[in-house]
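Asker: I'm passing along structure.pdb; it holds PDB, C-alpha atoms.
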MODEL        1
ATOM      1  CA  MET A   6       0.921 -16.232  -4.805
ATOM      2  CA  ASP A   7       4.461 -15.428  -3.742
ATOM      3  CA  ASN A   8       7.580 -16.600  -5.548
ATOM      4  CA  GLY A   9       8.440 -19.398  -3.093
ATOM      5  CA  GLU A  10       4.943 -20.860  -3.215
ATOM      6  CA  TYR A  11       5.028 -20.623  -7.027
ATOM      7  CA  HIS A  12       8.288 -22.545  -7.305
ATOM      8  CA  SER A  13       7.228 -25.276  -4.877
ATOM      9  CA  GLU A  14       3.935 -25.753  -6.763
ATOM     10  CA  LEU A  15       5.814 -25.916 -10.076
ATOM     11  CA  VAL A  16       8.250 -28.510  -8.687
ATOM     12  CA  THR A  17       5.296 -30.584  -7.461
ATOM     13  CA  ILE A  18       3.706 -30.475 -10.906
ATOM     14  CA  ILE A  19       6.946 -31.383 -12.681
ATOM     15  CA  SER A  20       7.664 -34.265 -10.298
ATOM     16  CA  SER A  21       4.223 -35.734 -11.067
ATOM     17  CA  ILE A  22       5.201 -36.155 -14.735
ATOM     18  CA  LYS A  23       7.025 -39.258 -15.973
ATOM     19  CA  GLU A  24      10.768 -38.741 -16.367
ATOM     20  CA  GLU A  25      10.737 -39.257 -20.144
ATOM     21  CA  LYS A  26       8.056 -36.569 -20.641
ATOM     22  CA  ARG A  27       9.579 -33.858 -18.427
ATOM     23  CA  HIS A  28      11.701 -32.335 -21.177
ATOM     24  CA  GLU A  29       8.649 -32.046 -23.422
ATOM     25  CA  PHE A  30       6.750 -30.405 -20.546
ATOM     26  CA  VAL A  31       9.517 -27.854 -19.904
ATOM     27  CA  VAL A  32       9.736 -26.913 -23.583
ATOM     28  CA  LYS A  33       5.963 -26.449 -23.899
ATOM     29  CA  PHE A  34       5.698 -24.629 -20.571
ATOM     30  CA  ASN A  35       8.471 -22.174 -21.437
ATOM     31  CA  ALA A  36       6.733 -21.396 -24.723
ATOM     32  CA  ARG A  37       3.408 -20.575 -23.026
ATOM     33  CA  ALA A  38       4.390 -19.177 -19.605
ATOM     34  CA  HIS A  39       4.062 -15.472 -18.784
ATOM     35  CA  ASN A  40       6.980 -13.557 -17.297
ATOM     36  CA  PRO A  41       5.786 -11.482 -14.305
ATOM     37  CA  VAL A  42       8.564  -8.938 -14.886
ATOM     38  CA  VAL A  43       7.396  -8.312 -18.464
ATOM     39  CA  LEU A  44       3.809  -7.814 -17.291
ATOM     40  CA  PHE A  45       5.024  -5.461 -14.565
ATOM     41  CA  GLY A  46       6.861  -3.499 -17.267
ATOM     42  CA  LEU A  47       3.756  -3.333 -19.445
ATOM     43  CA  ASN A  48       1.831  -1.943 -16.499
ATOM     44  CA  VAL A  49       4.482   0.639 -15.599
ATOM     45  CA  PHE A  50       5.072   1.958 -19.109
ATOM     46  CA  TYR A  51       1.503   3.209 -19.593
ATOM     47  CA  LEU A  52       0.161   0.118 -21.335
ATOM     48  CA  GLY A  53      -1.459  -0.864 -18.035
ATOM     49  CA  MET A  54      -3.784   2.088 -18.515
ATOM     50  CA  PHE A  55      -5.166   0.303 -21.581
ATOM     51  CA  GLY A  56      -5.402  -3.112 -19.889
ATOM     52  CA  VAL A  57      -2.693  -4.721 -22.020
ATOM     53  CA  ASP A  58      -1.272  -6.582 -19.014
ATOM     54  CA  ARG A  59      -4.669  -8.164 -18.277
ATOM     55  CA  PHE A  60      -5.319  -9.001 -21.942
ATOM     56  CA  VAL A  61      -1.951 -10.812 -22.100
ATOM     57  CA  LEU A  62      -2.992 -12.941 -19.111
ATOM     58  CA  GLY A  63      -6.244 -13.839 -20.850
ATOM     59  CA  GLN A  64      -8.346 -11.812 -18.405
ATOM     60  CA  THR A  65     -10.441 -10.194 -21.119
ATOM     61  CA  LEU A  66     -13.155  -8.753 -18.889
ATOM     62  CA  LEU A  67     -10.649  -7.103 -16.553
ATOM     63  CA  GLY A  68      -8.731  -5.837 -19.572
ATOM     64  CA  ILE A  69     -11.869  -4.241 -21.039
ATOM     65  CA  LEU A  70     -12.807  -2.675 -17.700
ATOM     66  CA  LYS A  71      -9.312  -1.329 -17.286
ATOM     67  CA  LEU A  72      -9.377   0.005 -20.849
ATOM     68  CA  ILE A  73     -12.695   1.852 -20.609
ATOM     69  CA  THR A  74     -11.785   3.385 -17.222
ATOM     70  CA  LEU A  75      -8.219   4.205 -18.356
ATOM     71  CA  GLY A  76      -6.807   2.075 -15.584
ATOM     72  CA  GLY A  77      -9.358   3.293 -13.060
ATOM     73  CA  LEU A  78      -8.000   6.812 -13.651
ATOM     74  CA  GLY A  79      -4.585   5.573 -12.546
ATOM     75  CA  ILE A  80      -5.678   3.904  -9.324
ATOM     76  CA  TRP A  81      -5.941   0.433 -10.837
ATOM     77  CA  ILE A  82      -2.498   0.821 -12.421
ATOM     78  CA  PHE A  83      -1.012   1.507  -8.999
ATOM     79  CA  ILE A  84      -2.815  -1.487  -7.469
ATOM     80  CA  ASP A  85      -1.624  -3.743 -10.292
ATOM     81  CA  LEU A  86       1.972  -2.850  -9.474
ATOM     82  CA  PHE A  87       1.468  -5.161  -6.506
ATOM     83  CA  LEU A  88      -0.958  -7.702  -8.009
ATOM     84  CA  ILE A  89       0.185  -8.397 -11.574
ATOM     85  CA  GLY A  90       3.141 -10.611 -10.610
ATOM     86  CA  SER A  91       0.928 -12.842  -8.500
ATOM     87  CA  ALA A  92      -1.675 -13.018 -11.279
ATOM     88  CA  ALA A  93       1.021 -14.066 -13.767
ATOM     89  CA  ARG A  94       2.300 -16.797 -11.436
ATOM     90  CA  ARG A  95      -1.254 -18.121 -10.879
ATOM     91  CA  LYS A  96      -1.806 -18.205 -14.654
ATOM     92  CA  ASN A  97       1.493 -20.062 -15.108
ATOM     93  CA  ILE A  98       0.395 -22.694 -12.582
ATOM     94  CA  GLU A  99      -2.859 -23.122 -14.538
ATOM     95  CA  ILE A 100      -0.828 -23.572 -17.739
ATOM     96  CA  ALA A 101       1.533 -26.051 -16.056
ATOM     97  CA  THR A 102      -1.348 -28.070 -14.622
ATOM     98  CA  ALA A 103      -3.096 -28.275 -17.994
ATOM     99  CA  LEU A 104       0.126 -29.311 -19.753
ATOM    100  CA  ALA A 105       0.911 -31.924 -17.101
ATOM    101  CA  ASP A 106      -2.595 -33.370 -17.351
ATOM    102  CA  GLY A 107      -2.199 -33.601 -21.134
ATOM    103  CA  LEU A 108       1.132 -35.406 -20.840
ATOM    104  CA  LYS A 109      -0.131 -37.910 -18.259
ATOM    105  CA  ASN A 110      -2.623 -39.408 -20.722
TER     106      ASN A 110
ENDMDL
END
Mind converting the file's structure to structure tokens?

Answerer:
Amino acid sequence: MDNGEYHSELVTIISSIKEEKRHEFVVKFNARAHNPVVLFGLNVFYLGMFGVDRFVLGQTLLGILKLITLGGLGIWIFIDLFLIGSAARRKNIEIATALADGLKN
């Protein structure tokens, strides 16, 4: 998921929430959302070798696999340089959708 697609999806989710609940949504979303730049940094500064970036996203199985293979002997770390931002944005959309569904009730 690229940045433009992410922002348009987030705007769609926010616009589906009643006006009086949008502030509550933004506060809760900002508390739970993952910053792709932080995850990229975790991956670059050797914590990616231990799967920390995947554990933070809640991808436990991928985190364990990355941990026991030491980042696929460095190959997986290189691949995640390109994939981790997209994974973080997808996770943020999941979080936003769940929060919006909770506020609609």

Asker: I would like the residues chosen by the PyMOL selection byres ((chain A and resi 8) around 12) on the shown file; could you give them as a PDB file with C-alpha atoms, in the coordinates of the input?

Answerer:
ATOM      1  CA  MET A   6       0.921 -16.232  -4.805  1.00  0.00           C
ATOM      2  CA  ASP A   7       4.461 -15.428  -3.742  1.00  0.00           C
ATOM      3  CA  GLY A   9       8.440 -19.398  -3.093  1.00  0.00           C
ATOM      4  CA  GLU A  10       4.943 -20.860  -3.215  1.00  0.00           C
ATOM      5  CA  TYR A  11       5.028 -20.623  -7.027  1.00  0.00           C
ATOM      6  CA  HIS A  12       8.288 -22.545  -7.305  1.00  0.00           C
ATOM      7  CA  SER A  13       7.228 -25.276  -4.877  1.00  0.00           C
ATOM      8  CA  GLU A  14       3.935 -25.753  -6.763  1.00  0.00           C
ATOM      9  CA  LEU A  15       5.814 -25.916 -10.076  1.00  0.00           C
ATOM     10  CA  PRO A  41       5.786 -11.482 -14.305  1.00  0.00           C
ATOM     11  CA  GLY A  90       3.141 -10.611 -10.610  1.00  0.00           C
ATOM     12  CA  SER A  91       0.928 -12.842  -8.500  1.00  0.00           C
ATOM     13  CA  ALA A  92      -1.675 -13.018 -11.279  1.00  0.00           C
ATOM     14  CA  ALA A  93       1.021 -14.066 -13.767  1.00  0.00           C
ATOM     15  CA  ARG A  94       2.300 -16.797 -11.436  1.00  0.00           C
ATOM     16  CA  ARG A  95      -1.254 -18.121 -10.879  1.00  0.00           C
ATOM     17  CA  ASN A  97       1.493 -20.062 -15.108  1.00  0.00           C
ATOM     18  CA  ILE A  98       0.395 -22.694 -12.582  1.00  0.00           C
TER      19      ILE A  98
END

Asker: Identify, on the basis of all atoms listed in the file, every residue whose closest approach to segment 17-34 of chain A does not exceed 12 Å; exclude the query and any residue fewer than 4 positions from it along the same chain; express the result as a ChimeraX atom specification.

Answerer: /A:10-13,38-40,96-110

Asker: Excluding segment 46-54 of chain A and its own-chain neighbours fewer than 2 positions away, which residues fall within 12 Å of it when counting only C-alpha atoms? Please give them as a PDB file with C-alpha atoms, keeping the file's coordinate frame.

Answerer:
ATOM      1  CA  ASN A  40       6.980 -13.557 -17.297  1.00  0.00           C
ATOM      2  CA  PRO A  41       5.786 -11.482 -14.305  1.00  0.00           C
ATOM      3  CA  VAL A  42       8.564  -8.938 -14.886  1.00  0.00           C
ATOM      4  CA  VAL A  43       7.396  -8.312 -18.464  1.00  0.00           C
ATOM      5  CA  LEU A  44       3.809  -7.814 -17.291  1.00  0.00           C
ATOM      6  CA  GLY A  56      -5.402  -3.112 -19.889  1.00  0.00           C
ATOM      7  CA  VAL A  57      -2.693  -4.721 -22.020  1.00  0.00           C
ATOM      8  CA  ASP A  58      -1.272  -6.582 -19.014  1.00  0.00           C
ATOM      9  CA  ARG A  59      -4.669  -8.164 -18.277  1.00  0.00           C
ATOM     10  CA  PHE A  60      -5.319  -9.001 -21.942  1.00  0.00           C
ATOM     11  CA  VAL A  61      -1.951 -10.812 -22.100  1.00  0.00           C
ATOM     12  CA  LEU A  62      -2.992 -12.941 -19.111  1.00  0.00           C
ATOM     13  CA  LEU A  67     -10.649  -7.103 -16.553  1.00  0.00           C
ATOM     14  CA  GLY A  68      -8.731  -5.837 -19.572  1.00  0.00           C
ATOM     15  CA  ILE A  69     -11.869  -4.241 -21.039  1.00  0.00           C
ATOM     16  CA  LEU A  70     -12.807  -2.675 -17.700  1.00  0.00           C
ATOM     17  CA  LYS A  71      -9.312  -1.329 -17.286  1.00  0.00           C
ATOM     18  CA  LEU A  72      -9.377   0.005 -20.849  1.00  0.00           C
ATOM     19  CA  ILE A  73     -12.695   1.852 -20.609  1.00  0.00           C
ATOM     20  CA  THR A  74     -11.785   3.385 -17.222  1.00  0.00           C
ATOM     21  CA  LEU A  75      -8.219   4.205 -18.356  1.00  0.00           C
ATOM     22  CA  GLY A  76      -6.807   2.075 -15.584  1.00  0.00           C
ATOM     23  CA  GLY A  77      -9.358   3.293 -13.060  1.00  0.00           C
ATOM     24  CA  LEU A  78      -8.000   6.812 -13.651  1.00  0.00           C
ATOM     25  CA  GLY A  79      -4.585   5.573 -12.546  1.00  0.00           C
ATOM     26  CA  ILE A  80      -5.678   3.904  -9.324  1.00  0.00           C
ATOM     27  CA  TRP A  81      -5.941   0.433 -10.837  1.00  0.00           C
ATOM     28  CA  ILE A  82      -2.498   0.821 -12.421  1.00  0.00           C
ATOM     29  CA  PHE A  83      -1.012   1.507  -8.999  1.00  0.00           C
ATOM     30  CA  ILE A  84      -2.815  -1.487  -7.469  1.00  0.00           C
ATOM     31  CA  ASP A  85      -1.624  -3.743 -10.292  1.00  0.00           C
ATOM     32  CA  LEU A  86       1.972  -2.850  -9.474  1.00  0.00           C
ATOM     33  CA  PHE A  87       1.468  -5.161  -6.506  1.00  0.00           C
ATOM     34  CA  LEU A  88      -0.958  -7.702  -8.009  1.00  0.00           C
ATOM     35  CA  ILE A  89       0.185  -8.397 -11.574  1.00  0.00           C
ATOM     36  CA  GLY A  90       3.141 -10.611 -10.610  1.00  0.00           C
TER      37      GLY A  90
END

Asker: If I wrap all listed atoms of segment 34-43 of chain A in a box with edges along x, y and z and add 6 Å on each side, what are its centre and edge lengths in Å to one decimal, as JSON?

Answerer:
{"center_x": 6.0, "center_y": -16.5, "center_z": -19.5, "size_x": 17.2, "size_y": 28.3, "size_z": 22.4}

Asker: Kindly reconstruct segment 19-45 of chain A with N, CA, C and O atoms and present the result as a compact mmCIF listing (two decimals), in the coordinates of the input.

Answerer:
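The new file rebuild-v3.txt reads:
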# COMPACT_ATOMS: atom_id res chain seq x y z
N ILE A 19 5.93 -30.74 -11.84
CA ILE A 19 6.95 -31.38 -12.68
C ILE A 19 7.27 -32.78 -12.16
O ILE A 19 7.45 -33.72 -12.95
N SER A 20 7.33 -32.94 -10.85
CA SER A 20 7.66 -34.26 -10.30
C SER A 20 6.54 -35.28 -10.51
O SER A 20 6.77 -36.49 -10.43
N SER A 21 5.33 -34.81 -10.81
CA SER A 21 4.22 -35.73 -11.07
C SER A 21 4.23 -36.28 -12.50
O SER A 21 3.46 -37.18 -12.82
N ILE A 22 5.12 -35.74 -13.33
CA ILE A 22 5.20 -36.16 -14.74
C ILE A 22 6.27 -37.24 -14.86
O ILE A 22 7.30 -37.18 -14.19
N LYS A 23 6.03 -38.21 -15.73
CA LYS A 23 7.02 -39.26 -15.97
C LYS A 23 8.34 -38.63 -16.46
O LYS A 23 8.33 -37.63 -17.18
N GLU A 24 9.43 -39.25 -16.06
CA GLU A 24 10.77 -38.74 -16.37
C GLU A 24 10.97 -38.48 -17.86
O GLU A 24 11.52 -37.45 -18.25
N GLU A 25 10.50 -39.39 -18.70
CA GLU A 25 10.74 -39.26 -20.14
C GLU A 25 9.91 -38.14 -20.79
O GLU A 25 10.20 -37.72 -21.90
N LYS A 26 8.89 -37.65 -20.09
CA LYS A 26 8.06 -36.57 -20.64
C LYS A 26 8.37 -35.20 -20.04
O LYS A 26 7.79 -34.20 -20.44
N ARG A 27 9.28 -35.13 -19.10
CA ARG A 27 9.58 -33.86 -18.43
C ARG A 27 10.20 -32.83 -19.37
O ARG A 27 9.87 -31.65 -19.30
N HIS A 28 11.08 -33.28 -20.24
CA HIS A 28 11.70 -32.34 -21.18
C HIS A 28 10.64 -31.72 -22.09
O HIS A 28 10.64 -30.51 -22.33
N GLU A 29 9.74 -32.54 -22.57
CA GLU A 29 8.65 -32.05 -23.42
C GLU A 29 7.80 -31.03 -22.65
O GLU A 29 7.42 -29.99 -23.19
N PHE A 30 7.52 -31.33 -21.38
CA PHE A 30 6.75 -30.40 -20.55
C PHE A 30 7.47 -29.06 -20.42
O PHE A 30 6.86 -28.00 -20.58
N VAL A 31 8.76 -29.09 -20.11
CA VAL A 31 9.52 -27.85 -19.90
C VAL A 31 9.54 -27.01 -21.17
O VAL A 31 9.36 -25.79 -21.12
N VAL A 32 9.71 -27.64 -22.31
CA VAL A 32 9.74 -26.91 -23.58
C VAL A 32 8.38 -26.24 -23.84
O VAL A 32 8.31 -25.05 -24.16
N LYS A 33 7.30 -27.00 -23.66
CA LYS A 33 5.96 -26.45 -23.90
C LYS A 33 5.61 -25.37 -22.88
O LYS A 33 5.02 -24.35 -23.21
N PHE A 34 5.99 -25.61 -21.62
CA PHE A 34 5.70 -24.63 -20.57
C PHE A 34 6.43 -23.32 -20.83
O PHE A 34 5.84 -22.23 -20.72
N ASN A 35 7.70 -23.39 -21.17
CA ASN A 35 8.47 -22.17 -21.44
C ASN A 35 7.92 -21.39 -22.62
O ASN A 35 8.03 -20.17 -22.66
N ALA A 36 7.31 -22.08 -23.57
CA ALA A 36 6.73 -21.40 -24.72
C ALA A 36 5.44 -20.66 -24.36
O ALA A 36 5.12 -19.64 -24.97
N ARG A 37 4.71 -21.15 -23.36
CA ARG A 37 3.41 -20.58 -23.03
C ARG A 37 3.39 -19.73 -21.76
O ARG A 37 2.44 -18.98 -21.54
N ALA A 38 4.39 -19.86 -20.91
CA ALA A 38 4.39 -19.18 -19.60
C ALA A 38 4.54 -17.67 -19.77
O ALA A 38 5.13 -17.18 -20.74
N HIS A 39 3.99 -16.93 -18.80
CA HIS A 39 4.06 -15.47 -18.78
C HIS A 39 5.11 -15.03 -17.78
O HIS A 39 5.15 -15.52 -16.64
N ASN A 40 5.94 -14.08 -18.18
CA ASN A 40 6.98 -13.56 -17.30
C ASN A 40 6.39 -12.41 -16.47
O ASN A 40 5.98 -11.39 -17.04
N PRO A 41 6.35 -12.55 -15.14
CA PRO A 41 5.79 -11.48 -14.30
C PRO A 41 6.51 -10.14 -14.47
O PRO A 41 5.89 -9.09 -14.38
N VAL A 42 7.80 -10.18 -14.73
CA VAL A 42 8.56 -8.94 -14.89
C VAL A 42 8.13 -8.19 -16.15
O VAL A 42 8.01 -6.97 -16.15
N VAL A 43 7.87 -8.94 -17.22
CA VAL A 43 7.40 -8.31 -18.46
C VAL A 43 6.03 -7.67 -18.25
O VAL A 43 5.78 -6.54 -18.68
N LEU A 44 5.14 -8.37 -17.55
CA LEU A 44 3.81 -7.81 -17.29
C LEU A 44 3.89 -6.59 -16.38
O LEU A 44 3.15 -5.63 -16.56
N PHE A 45 4.80 -6.63 -15.42
CA PHE A 45 5.02 -5.46 -14.56
C PHE A 45 5.48 -4.28 -15.43
O PHE A 45 5.00 -3.16 -15.28
